[in-house]
Amino acid sequence: TPVTIPFWTYQNNMYVYPEAVNLSGQKAKNIGLRFIFRDSDDEAIDMATMGLQVFYGKSGCASRAREARSQVTYHNKEPVFSDEIKIGLPARLHTRHHLVIAFHALALDPEKKKKEEAWTEQVIGFAVLPIYGNQRLIENGSLQLPVVLTQKLEPRYLQKLANDTQHKEFQWAESGKPVFRLHLEALSTVYMQDPVLASLGKVYHFKEFFMDEELKDTLDKFGSVSPSLAMQHLPLL
């Protein structure tokens, strides 16, 4: 039987594995992904926007970068990806922290003589993923996200995108269907993903706003938590 011990060292990373996207309704074929991590949507986003310096750099590059990019799949409107994007999460997360995935196409301009200038990026659209809410980190697992077709997201896009449930305010790929598939794996000794453990932490830290009944209800649910998971987060509990 494996022995479970509490977390005694700091670790706060998230691994993002893009899997596939279906953009068959678009003209673009040489499709790649660009990832940025933001703590606010007060400013607009386009292909030149940089995020927080949280991405682990690849070999030979800076230790932390403000963006990460996937491989580019040639001549395929439904590309499959095999990249691993590693993010060092901020020590203090809040509800406005989110991951932005920009979908772009590489186009060749035959009139450009220099090879490095011949390829240009054309924005297809964006997918947005909030990573922290209800006092807990987003759960590990596979996700499917819709892609909004625009070259720029205007300020306050998080709420605007969330409110567009009828897909009338924005143009969406495949009428708003979740066409982008990815997998998340967070390894954090700071933030809990289990809803019961997160609720317990919330009640403790904000106990002046809670009644005894709420604390009792949370403790009653504690029995459903995996013992090994509770043991790992013992220092926080």
# chains A, B, ... in the order shown; residues from 1 in each chain; ligands from 1
$ closest_atom_pairs --of "region 138-160 of chain A" --to "region 180-190 of chain A" --cutoff "7 Å" --atoms "only C-alpha atoms" --output "Markdown table"
| residue | atom | partner | partner_atom | distance |
| --- | --- | --- | --- | --- |
| A:Asn140 | CA | A:Glu185 | CA | 4.9 |
| A:Gly141 | CA | A:Leu184 | CA | 5.3 |
| A:Ser142 | CA | A:His183 | CA | 4.2 |
| A:Leu143 | CA | A:Leu182 | CA | 5.5 |
| A:Gln144 | CA | A:Arg181 | CA | 4.5 |
| A:Leu145 | CA | A:Phe180 | CA | 5.1 |
| A:Pro146 | CA | A:Phe180 | CA | 6.3 |
$ select_by_dssp --residues "region 25-195 of chain A" --states "alpha helix (DSSP H)" --output "ChimeraX atom specification"
/A:115-118,157-163,195
$ closest_residue --among "A:Ile45, A:Val72, A:Val123, A:Met192" --to "Pro155 (chain A)" --atoms "only C-alpha atoms"
A:Ile45
$ residues_around --residues "Asn76 (chain A)" --least-positions-apart "3" --cutoff "10 Å" --atoms "only C-alpha atoms" --output "number ranges by chain"
A: 22-24, 28-31, 72-73, 79-80
$ write_last_selection --atoms "all heavy atoms" --output "short mmCIF file (atom, residue, chain, number, x, y, z; two decimals), in the first residue's frame"
data_model
loop_
_atom_site.label_atom_id
_atom_site.label_comp_id
_atom_site.auth_asym_id
_atom_site.auth_seq_id
_atom_site.Cartn_x
_atom_site.Cartn_y
_atom_site.Cartn_z
N ASN A 22 -11.24 21.90 -34.08
CA ASN A 22 -11.94 21.74 -35.36
C ASN A 22 -12.31 23.12 -35.90
O ASN A 22 -13.25 23.74 -35.42
CB ASN A 22 -13.19 20.88 -35.19
CG ASN A 22 -13.95 20.69 -36.48
OD1 ASN A 22 -13.54 21.17 -37.54
ND2 ASN A 22 -15.07 20.00 -36.42
N LEU A 23 -11.56 23.58 -36.86
CA LEU A 23 -11.83 24.87 -37.51
C LEU A 23 -12.09 24.64 -39.00
O LEU A 23 -11.66 25.42 -39.85
CB LEU A 23 -10.65 25.82 -37.30
CG LEU A 23 -10.40 26.25 -35.84
CD1 LEU A 23 -9.11 27.06 -35.73
CD2 LEU A 23 -11.59 27.06 -35.31
N SER A 24 -12.81 23.57 -39.29
CA SER A 24 -13.06 23.19 -40.68
C SER A 24 -13.88 24.23 -41.43
O SER A 24 -13.87 24.27 -42.66
CB SER A 24 -13.76 21.83 -40.73
OG SER A 24 -14.97 21.86 -39.98
N ALA A 28 -8.42 29.14 -42.93
CA ALA A 28 -7.05 28.89 -42.45
C ALA A 28 -6.73 27.40 -42.42
O ALA A 28 -7.60 26.57 -42.13
CB ALA A 28 -6.89 29.47 -41.05
N LYS A 29 -5.45 27.08 -42.70
CA LYS A 29 -5.02 25.69 -42.72
C LYS A 29 -3.79 25.44 -41.86
O LYS A 29 -3.70 24.40 -41.21
CB LYS A 29 -4.75 25.25 -44.16
CG LYS A 29 -5.98 25.23 -45.05
CD LYS A 29 -5.63 24.77 -46.46
CE LYS A 29 -6.88 24.75 -47.34
NZ LYS A 29 -6.57 24.31 -48.73
N ASN A 30 -2.83 26.35 -41.86
CA ASN A 30 -1.61 26.17 -41.07
C ASN A 30 -1.84 26.75 -39.68
O ASN A 30 -1.52 27.90 -39.40
CB ASN A 30 -0.42 26.85 -41.76
CG ASN A 30 -0.28 26.41 -43.21
OD1 ASN A 30 -0.48 25.24 -43.52
ND2 ASN A 30 0.05 27.34 -44.08
N ILE A 31 -2.40 25.95 -38.79
CA ILE A 31 -2.94 26.46 -37.52
C ILE A 31 -2.00 26.19 -36.36
O ILE A 31 -1.47 25.09 -36.20
CB ILE A 31 -4.32 25.84 -37.25
CG1 ILE A 31 -5.30 26.23 -38.36
CG2 ILE A 31 -4.85 26.27 -35.88
CD1 ILE A 31 -6.63 25.53 -38.28
N VAL A 72 2.91 24.14 -35.11
CA VAL A 72 1.99 24.55 -36.18
C VAL A 72 1.76 23.35 -37.09
O VAL A 72 2.71 22.74 -37.58
CB VAL A 72 2.55 25.74 -36.98
CG1 VAL A 72 1.62 26.07 -38.15
CG2 VAL A 72 2.72 26.95 -36.09
N THR A 73 0.50 23.00 -37.26
CA THR A 73 0.15 21.87 -38.12
C THR A 73 -0.11 22.35 -39.54
O THR A 73 -0.95 23.21 -39.77
CB THR A 73 -1.09 21.14 -37.58
OG1 THR A 73 -0.84 20.74 -36.23
CG2 THR A 73 -1.40 19.91 -38.41
N PRO A 79 -6.40 20.22 -36.72
CA PRO A 79 -5.11 19.73 -36.23
C PRO A 79 -5.20 19.05 -34.87
O PRO A 79 -6.06 19.35 -34.05
CB PRO A 79 -4.27 21.01 -36.15
CG PRO A 79 -5.27 22.09 -35.92
CD PRO A 79 -6.48 21.69 -36.72
N VAL A 80 -4.27 18.13 -34.67
CA VAL A 80 -4.09 17.45 -33.38
C VAL A 80 -2.74 17.90 -32.83
O VAL A 80 -1.75 17.95 -33.56
CB VAL A 80 -4.13 15.92 -33.54
CG1 VAL A 80 -3.80 15.22 -32.23
CG2 VAL A 80 -5.49 15.48 -34.05
#
$ closest_atom_pairs --of "region 79-174 of chain A" --to "region 35-41 of chain A" --cutoff "8 Å" --atoms "only C-alpha atoms" --output "JSON lines"
{"residue": "A:His94", "atom": "CA", "partner": "A:Asp39", "partner_atom": "CA", "distance": 7.9}
{"residue": "A:Arg96", "atom": "CA", "partner": "A:Ser40", "partner_atom": "CA", "distance": 5.4}
{"residue": "A:His97", "atom": "CA", "partner": "A:Asp39", "partner_atom": "CA", "distance": 4.2}
{"residue": "A:His98", "atom": "CA", "partner": "A:Arg38", "partner_atom": "CA", "distance": 5.5}
{"residue": "A:Leu99", "atom": "CA", "partner": "A:Phe37", "partner_atom": "CA", "distance": 4.6}
{"residue": "A:Val100", "atom": "CA", "partner": "A:Ile36", "partner_atom": "CA", "distance": 5.3}
{"residue": "A:Ile101", "atom": "CA", "partner": "A:Phe35", "partner_atom": "CA", "distance": 4.7}
{"residue": "A:Ala102", "atom": "CA", "partner": "A:Phe35", "partner_atom": "CA", "distance": 6.4}
{"residue": "A:Pro155", "atom": "CA", "partner": "A:Asp41", "partner_atom": "CA", "distance": 5.7}
{"residue": "A:Arg156", "atom": "CA", "partner": "A:Asp41", "partner_atom": "CA", "distance": 5.2}
{"residue": "A:Tyr157", "atom": "CA", "partner": "A:Asp41", "partner_atom": "CA", "distance": 6.4}
{"residue": "A:Leu158", "atom": "CA", "partner": "A:Asp41", "partner_atom": "CA", "distance": 6.7}
$ write_last_selection --atoms "all heavy atoms" --output "short mmCIF file (atom, residue, chain, number, x, y, z; two decimals), in the first residue's frame"
data_model
loop_
_atom_site.label_atom_id
_atom_site.label_comp_id
_atom_site.auth_asym_id
_atom_site.auth_seq_id
_atom_site.Cartn_x
_atom_site.Cartn_y
_atom_site.Cartn_z
N HIS A 94 -6.91 34.89 -7.97
CA HIS A 94 -8.24 35.44 -7.76
C HIS A 94 -9.09 35.11 -8.98
O HIS A 94 -8.61 34.52 -9.96
CB HIS A 94 -8.19 36.95 -7.48
CG HIS A 94 -7.43 37.74 -8.50
ND1 HIS A 94 -7.90 37.97 -9.78
CD2 HIS A 94 -6.21 38.36 -8.43
CE1 HIS A 94 -7.03 38.69 -10.45
NE2 HIS A 94 -6.00 38.95 -9.67
N ARG A 96 -10.21 36.64 -11.44
CA ARG A 96 -9.97 37.23 -12.76
C ARG A 96 -8.75 36.64 -13.46
O ARG A 96 -8.45 37.01 -14.59
CB ARG A 96 -9.83 38.75 -12.64
CG ARG A 96 -11.09 39.42 -12.09
CD ARG A 96 -10.96 40.92 -12.04
NE ARG A 96 -10.99 41.51 -13.37
CZ ARG A 96 -10.77 42.82 -13.61
NH1 ARG A 96 -10.50 43.63 -12.60
NH2 ARG A 96 -10.84 43.29 -14.84
N HIS A 97 -8.06 35.75 -12.80
CA HIS A 97 -6.96 35.05 -13.47
C HIS A 97 -7.54 34.09 -14.52
O HIS A 97 -8.48 33.33 -14.23
CB HIS A 97 -6.14 34.25 -12.47
CG HIS A 97 -5.11 35.08 -11.75
ND1 HIS A 97 -5.20 35.38 -10.41
CD2 HIS A 97 -3.97 35.67 -12.21
CE1 HIS A 97 -4.15 36.11 -10.07
NE2 HIS A 97 -3.41 36.31 -11.12
N HIS A 98 -7.01 34.13 -15.71
CA HIS A 98 -7.53 33.27 -16.77
C HIS A 98 -6.47 33.02 -17.83
O HIS A 98 -5.50 33.76 -17.97
CB HIS A 98 -8.77 33.91 -17.41
CG HIS A 98 -8.53 35.25 -18.02
ND1 HIS A 98 -8.43 36.40 -17.27
CD2 HIS A 98 -8.36 35.64 -19.32
CE1 HIS A 98 -8.21 37.45 -18.07
NE2 HIS A 98 -8.17 37.00 -19.32
N LEU A 99 -6.69 31.95 -18.55
CA LEU A 99 -5.82 31.55 -19.65
C LEU A 99 -6.50 31.92 -20.97
O LEU A 99 -7.69 31.64 -21.16
CB LEU A 99 -5.56 30.05 -19.59
CG LEU A 99 -4.59 29.44 -20.61
CD1 LEU A 99 -3.17 29.96 -20.38
CD2 LEU A 99 -4.62 27.92 -20.51
N VAL A 100 -5.75 32.55 -21.85
CA VAL A 100 -6.26 32.91 -23.18
C VAL A 100 -5.50 32.10 -24.22
O VAL A 100 -4.26 32.06 -24.22
CB VAL A 100 -6.09 34.41 -23.47
CG1 VAL A 100 -6.59 34.74 -24.87
CG2 VAL A 100 -6.82 35.24 -22.43
N ILE A 101 -6.23 31.44 -25.09
CA ILE A 101 -5.62 30.69 -26.19
C ILE A 101 -5.99 31.39 -27.49
O ILE A 101 -7.18 31.51 -27.82
CB ILE A 101 -6.11 29.22 -26.22
CG1 ILE A 101 -5.83 28.54 -24.89
CG2 ILE A 101 -5.42 28.46 -27.36
CD1 ILE A 101 -7.01 28.50 -23.95
N ALA A 102 -4.99 31.87 -28.18
CA ALA A 102 -5.20 32.52 -29.47
C ALA A 102 -4.92 31.51 -30.59
O ALA A 102 -3.87 30.86 -30.60
CB ALA A 102 -4.29 33.73 -29.61
N PRO A 155 -12.08 45.13 -24.06
CA PRO A 155 -12.06 45.05 -22.60
C PRO A 155 -13.35 44.49 -22.02
O PRO A 155 -14.42 44.61 -22.61
CB PRO A 155 -11.85 46.52 -22.19
CG PRO A 155 -11.12 47.13 -23.35
CD PRO A 155 -11.69 46.47 -24.56
N ARG A 156 -13.23 43.88 -20.86
CA ARG A 156 -14.34 43.22 -20.15
C ARG A 156 -14.90 42.04 -20.93
O ARG A 156 -16.09 41.74 -20.89
CB ARG A 156 -15.46 44.23 -19.84
CG ARG A 156 -15.00 45.46 -19.08
CD ARG A 156 -14.51 45.10 -17.71
NE ARG A 156 -14.07 46.27 -16.95
CZ ARG A 156 -13.52 46.20 -15.74
NH1 ARG A 156 -13.30 45.03 -15.18
NH2 ARG A 156 -13.14 47.30 -15.10
N TYR A 157 -14.03 41.34 -21.64
CA TYR A 157 -14.49 40.25 -22.49
C TYR A 157 -14.92 39.02 -21.69
O TYR A 157 -15.73 38.23 -22.17
CB TYR A 157 -13.39 39.86 -23.49
CG TYR A 157 -12.04 39.57 -22.87
CD1 TYR A 157 -11.74 38.34 -22.32
CD2 TYR A 157 -11.06 40.55 -22.83
CE1 TYR A 157 -10.51 38.08 -21.75
CE2 TYR A 157 -9.82 40.32 -22.27
CZ TYR A 157 -9.55 39.09 -21.73
OH TYR A 157 -8.32 38.85 -21.16
N LEU A 158 -14.42 38.85 -20.47
CA LEU A 158 -14.80 37.66 -19.69
C LEU A 158 -16.31 37.61 -19.46
O LEU A 158 -16.96 36.60 -19.73
CB LEU A 158 -14.07 37.65 -18.35
CG LEU A 158 -12.58 37.28 -18.38
CD1 LEU A 158 -11.97 37.43 -17.00
CD2 LEU A 158 -12.38 35.86 -18.89
#
$ closest_residue --among "A:Leu108, A:Ile138, A:Ala65, A:Ile124" --to "Met14 (chain A)" --atoms "only C-alpha atoms"
A:Ile138
$ residues_around --residues "region 81-87 of chain A" --least-positions-apart "2" --cutoff "7 Å" --atoms "only C-alpha atoms" --output "list in words"
Asn13, Met14, Tyr15, Val16, Tyr17, Pro18, Glu19, Ala20, Val54, Phe55, Tyr56, Ala68, Ser70, Pro79 and Leu89 of chain A
$ residues_around --residues "Phe103 (chain A)" --least-positions-apart "5" --cutoff "6 Å" --atoms "only C-alpha atoms" --output "VMD selection string"
chain A and resid 33 124 to 126
$ atom_distance --atom1 "CA of Gln122 (chain A)" --atom2 "CA of Lys77 (chain A)"
14.2 Å
$ select_by_dssp --residues "region 3-215 of chain A" --states "strand (DSSP E or B)" --output "PyMOL selection string"
chain A and resi 12-21+31-38+45+55-56+64-65+68-69+73+80+85-88+98-108+119-130+132-133+136-137+141-145+148+153+172+180-188
$ write_last_selection --atoms "C-alpha atoms" --output "JSON list (two decimals), in the first residue's frame"
[["chain", "number", "residue", "atom", "x", "y", "z"],
["A", 12, "ASN", "CA", 2.14, 25.52, -7.69],
["A", 13, "ASN", "CA", 2.21, 24.53, -11.33],
["A", 14, "MET", "CA", -0.32, 23.81, -14.02],
["A", 15, "TYR", "CA", 0.26, 21.70, -17.11],
["A", 16, "VAL", "CA", -1.83, 22.37, -20.20],
["A", 17, "TYR", "CA", -2.06, 19.76, -22.96],
["A", 18, "PRO", "CA", -3.85, 21.04, -26.09],
["A", 19, "GLU", "CA", -5.30, 18.08, -27.91],
["A", 20, "ALA", "CA", -7.31, 19.11, -30.98],
["A", 21, "VAL", "CA", -9.37, 21.84, -32.57],
["A", 31, "ILE", "CA", -2.94, 26.46, -37.52],
["A", 32, "GLY", "CA", -1.02, 27.09, -34.33],
["A", 33, "LEU", "CA", -1.84, 28.12, -30.77],
["A", 34, "ARG", "CA", -0.53, 30.95, -28.60],
["A", 35, "PHE", "CA", -1.10, 30.92, -24.83],
["A", 36, "ILE", "CA", -1.08, 33.92, -22.50],
["A", 37, "PHE", "CA", -2.04, 34.11, -18.83],
["A", 38, "ARG", "CA", -3.76, 37.26, -17.52],
["A", 45, "ILE", "CA", -6.40, 41.39, -26.47],
["A", 55, "PHE", "CA", 5.33, 30.12, -18.66],
["A", 56, "TYR", "CA", 8.34, 27.88, -18.18],
["A", 64, "ARG", "CA", 10.06, 32.28, -17.63],
["A", 65, "ALA", "CA", 8.19, 33.73, -20.62],
["A", 68, "ALA", "CA", 3.86, 29.91, -24.96],
["A", 69, "ARG", "CA", 3.26, 28.50, -28.42],
["A", 73, "THR", "CA", 0.15, 21.87, -38.12],
["A", 80, "VAL", "CA", -4.09, 17.45, -33.38],
["A", 85, "ILE", "CA", 2.60, 23.95, -21.69],
["A", 86, "LYS", "CA", 3.90, 24.39, -18.14],
["A", 87, "ILE", "CA", 2.67, 27.35, -16.08],
["A", 88, "GLY", "CA", 4.02, 28.56, -12.74],
["A", 98, "HIS", "CA", -7.53, 33.27, -16.77],
["A", 99, "LEU", "CA", -5.82, 31.55, -19.65],
["A", 100, "VAL", "CA", -6.26, 32.91, -23.18],
["A", 101, "ILE", "CA", -5.62, 30.69, -26.19],
["A", 102, "ALA", "CA", -5.20, 32.52, -29.47],
["A", 103, "PHE", "CA", -5.70, 30.51, -32.66],
["A", 104, "HIS", "CA", -3.66, 31.76, -35.57],
["A", 105, "ALA", "CA", -2.75, 30.70, -39.08],
["A", 106, "LEU", "CA", 0.59, 31.10, -40.79],
["A", 107, "ALA", "CA", 0.30, 32.48, -44.30],
["A", 108, "LEU", "CA", 3.07, 32.67, -46.86],
["A", 119, "TRP", "CA", 5.44, 34.11, -43.09],
["A", 120, "THR", "CA", 2.74, 36.22, -41.46],
["A", 121, "GLU", "CA", 0.36, 35.40, -38.61],
["A", 122, "GLN", "CA", -3.34, 35.79, -39.15],
["A", 123, "VAL", "CA", -5.59, 35.64, -36.09],
["A", 124, "ILE", "CA", -8.53, 33.24, -36.33],
["A", 125, "GLY", "CA", -10.03, 33.62, -32.87],
["A", 126, "PHE", "CA", -9.72, 33.03, -29.13],
["A", 127, "ALA", "CA", -10.74, 30.67, -26.36],
["A", 128, "VAL", "CA", -10.79, 31.85, -22.75],
["A", 129, "LEU", "CA", -10.52, 29.70, -19.62],
["A", 130, "PRO", "CA", -10.96, 31.11, -16.07],
["A", 132, "TYR", "CA", -9.95, 29.99, -10.29],
["A", 133, "GLY", "CA", -13.44, 30.31, -8.82],
["A", 136, "ARG", "CA", -10.67, 26.71, -5.56],
["A", 137, "LEU", "CA", -8.53, 25.91, -8.54],
["A", 141, "GLY", "CA", -9.23, 16.69, -16.49],
["A", 142, "SER", "CA", -10.30, 17.15, -20.09],
["A", 143, "LEU", "CA", -12.17, 20.23, -21.21],
["A", 144, "GLN", "CA", -13.85, 21.42, -24.38],
["A", 145, "LEU", "CA", -14.08, 25.13, -25.13],
["A", 148, "VAL", "CA", -14.89, 33.07, -30.69],
["A", 153, "LEU", "CA", -11.22, 40.90, -27.77],
["A", 172, "TRP", "CA", -18.46, 31.64, -32.85],
["A", 180, "PHE", "CA", -11.28, 23.02, -28.88],
["A", 181, "ARG", "CA", -10.23, 20.11, -26.68],
["A", 182, "LEU", "CA", -7.49, 20.27, -24.03],
["A", 183, "HIS", "CA", -6.40, 18.55, -20.83],
["A", 184, "LEU", "CA", -5.35, 20.20, -17.55],
["A", 185, "GLU", "CA", -3.19, 18.83, -14.75],
["A", 186, "ALA", "CA", -2.47, 21.12, -11.81],
["A", 187, "LEU", "CA", 0.06, 20.16, -9.14],
["A", 188, "SER", "CA", -0.40, 22.59, -6.29]]
$ atom_distance --atom1 "CA of Gly176 (chain A)" --atom2 "CA of Leu161 (chain A)"
10.8 Å
